[in-house]
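Below is the file data-v4.txt, which contains compact mmCIF, C-alpha atoms.
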```
# COMPACT_ATOMS: atom_id res chain seq x y z
CA MET A 53 91.61 60.16 107.24
CA GLY A 54 92.88 56.92 108.64
CA HIS A 55 95.36 56.41 111.42
CA MET A 56 97.94 59.09 112.05
CA SER A 57 101.44 57.94 112.69
CA ALA A 58 103.14 58.66 115.99
CA VAL A 59 105.53 61.07 114.30
CA VAL A 60 102.72 63.17 112.87
CA LYS A 61 100.98 63.30 116.24
CA TRP A 62 104.22 64.25 117.97
CA TRP A 63 105.00 66.91 115.35
CA SER A 64 101.55 68.51 115.63
CA ARG A 65 101.78 68.60 119.43
CA ALA A 66 105.27 70.10 119.30
CA ALA A 67 104.13 72.73 116.78
CA ALA A 68 101.16 73.65 119.00
CA ALA A 69 103.43 73.95 122.04
CA VAL A 70 105.95 76.13 120.20
CA THR A 71 103.15 78.34 118.88
CA GLY A 72 101.78 78.75 122.39
CA VAL A 73 105.18 79.66 123.81
CA VAL A 74 105.88 82.17 121.04
CA LEU A 75 102.51 83.86 121.49
CA THR A 76 102.99 83.88 125.27
CA LEU A 77 106.24 85.77 124.82
CA VAL A 78 105.36 88.01 121.86
CA VAL A 79 102.07 89.49 123.07
CA PRO A 80 103.39 90.96 126.37
CA VAL A 81 106.59 92.20 124.72
CA HIS A 82 104.55 93.91 122.01
CA ALA A 83 102.31 95.55 124.61
CA TRP A 84 105.35 96.71 126.59
CA ALA A 85 107.04 98.13 123.49
CA ALA A 86 103.88 99.98 122.42
CA SER A 87 103.48 101.63 125.82
CA ASN A 88 107.16 102.30 126.50
CA GLY A 89 108.03 104.62 123.59
CA VAL A 90 110.05 101.93 121.83
CA ALA A 91 107.67 102.15 118.87
CA ASP A 92 108.74 105.77 118.27
CA VAL A 93 112.39 104.71 118.20
CA ALA A 94 111.59 101.93 115.72
CA ILE A 95 109.70 104.35 113.46
CA GLU A 96 112.60 106.81 113.49
CA ALA A 97 115.05 104.01 112.69
CA ALA A 98 112.87 102.91 109.76
CA ARG A 99 112.73 106.47 108.43
CA TYR A 100 116.50 106.80 108.75
CA ARG A 101 117.05 103.58 106.80
CA ARG A 102 114.81 104.77 103.95
CA ARG A 103 116.84 107.94 103.51
CA ARG A 104 120.09 106.07 102.90
CA SER A 105 120.84 105.22 99.31
CA GLY A 106 121.36 101.63 98.21
CA PHE A 107 121.04 98.43 100.14
CA GLY A 108 124.60 98.12 101.40
CA PHE A 109 126.25 94.86 102.41
CA PHE A 110 123.70 93.86 105.03
CA GLY A 111 120.79 94.50 102.67
CA ILE A 112 122.22 92.12 100.09
CA LEU A 113 123.16 89.58 102.76
CA GLY A 114 119.67 89.79 104.24
CA GLY A 115 118.10 89.26 100.82
CA VAL A 116 120.26 86.21 100.13
CA CYS A 117 119.48 84.80 103.57
CA CYS A 118 115.76 85.32 102.96
CA LEU A 119 115.94 83.53 99.62
CA VAL A 120 117.82 80.60 101.19
CA VAL A 121 115.22 80.24 103.94
CA VAL A 122 112.30 80.41 101.48
CA GLY A 123 114.04 77.89 99.22
CA ALA A 124 114.61 75.51 102.14
CA ILE A 125 110.93 75.72 103.15
CA VAL A 126 109.79 75.03 99.58
CA LEU A 127 112.19 72.08 99.32
CA ILE A 128 110.92 70.60 102.59
CA VAL A 129 107.30 70.93 101.47
CA ILE A 130 108.08 69.26 98.13
CA LEU A 131 109.92 66.38 99.83
CA ILE A 132 107.08 65.83 102.30
CA ALA A 133 104.51 65.89 99.48
CA ARG A 134 106.48 63.32 97.44
CA ARG A 135 106.91 61.05 100.44
CA ARG A 136 103.14 61.11 101.10
CA LYS A 137 102.37 59.98 97.54
CA LYS A 138 104.53 56.85 97.87
```

Structure encoded using structure tokens:
Amino acid sequence: MGHMSAVVKWWSRAAAAVTGVVLTLVVPVHAWAASNGVADVAIEAARYRRRRSGFGFFGILGGVCCLVVVGAIVLIVILIARRRKK
């Protein structure tokens, strides 16, 4: 695959480090939440949200935010792909 640039090497190392940190934090927190009764509270909150009618302001805002994030990710991927072809 040829020589990798320093930026690509740095980016892959940074991504691996961030992934390791996130997994180091998420796994123990998930285990604590599962054994602490927090899961029951989350299930009750999810059931309560389903009973309410309509999305409300935060539902619409959350949907717009989600679309913006997905659009930004797609745009970044397209720009990276075009830059590689040149």

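Distance-wise, atom CA of Arg136 of chain A and atom CA of Ala58 of chain A end up 15.1 Å apart.
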
Interatomic distance between atom CA of Leu131 of chain A and atom CA of Gly115 of chain A?
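A separation of 24.3 Å between them.
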
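Between atom CA of Val60 of chain A and atom CA of Ile132 of chain A there is a distance of 11.7 Å.
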
First collect every listed atom of segment 66-85 of chain A; then fit an axis-aligned box around them, widen it by 6 Å on each side, and give centre and edge lengths in Å to one decimal, as JSON.
```
{"center_x": 104.1, "center_y": 84.1, "center_z": 121.7, "size_x": 17.9, "size_y": 40.0, "size_z": 21.8}
```
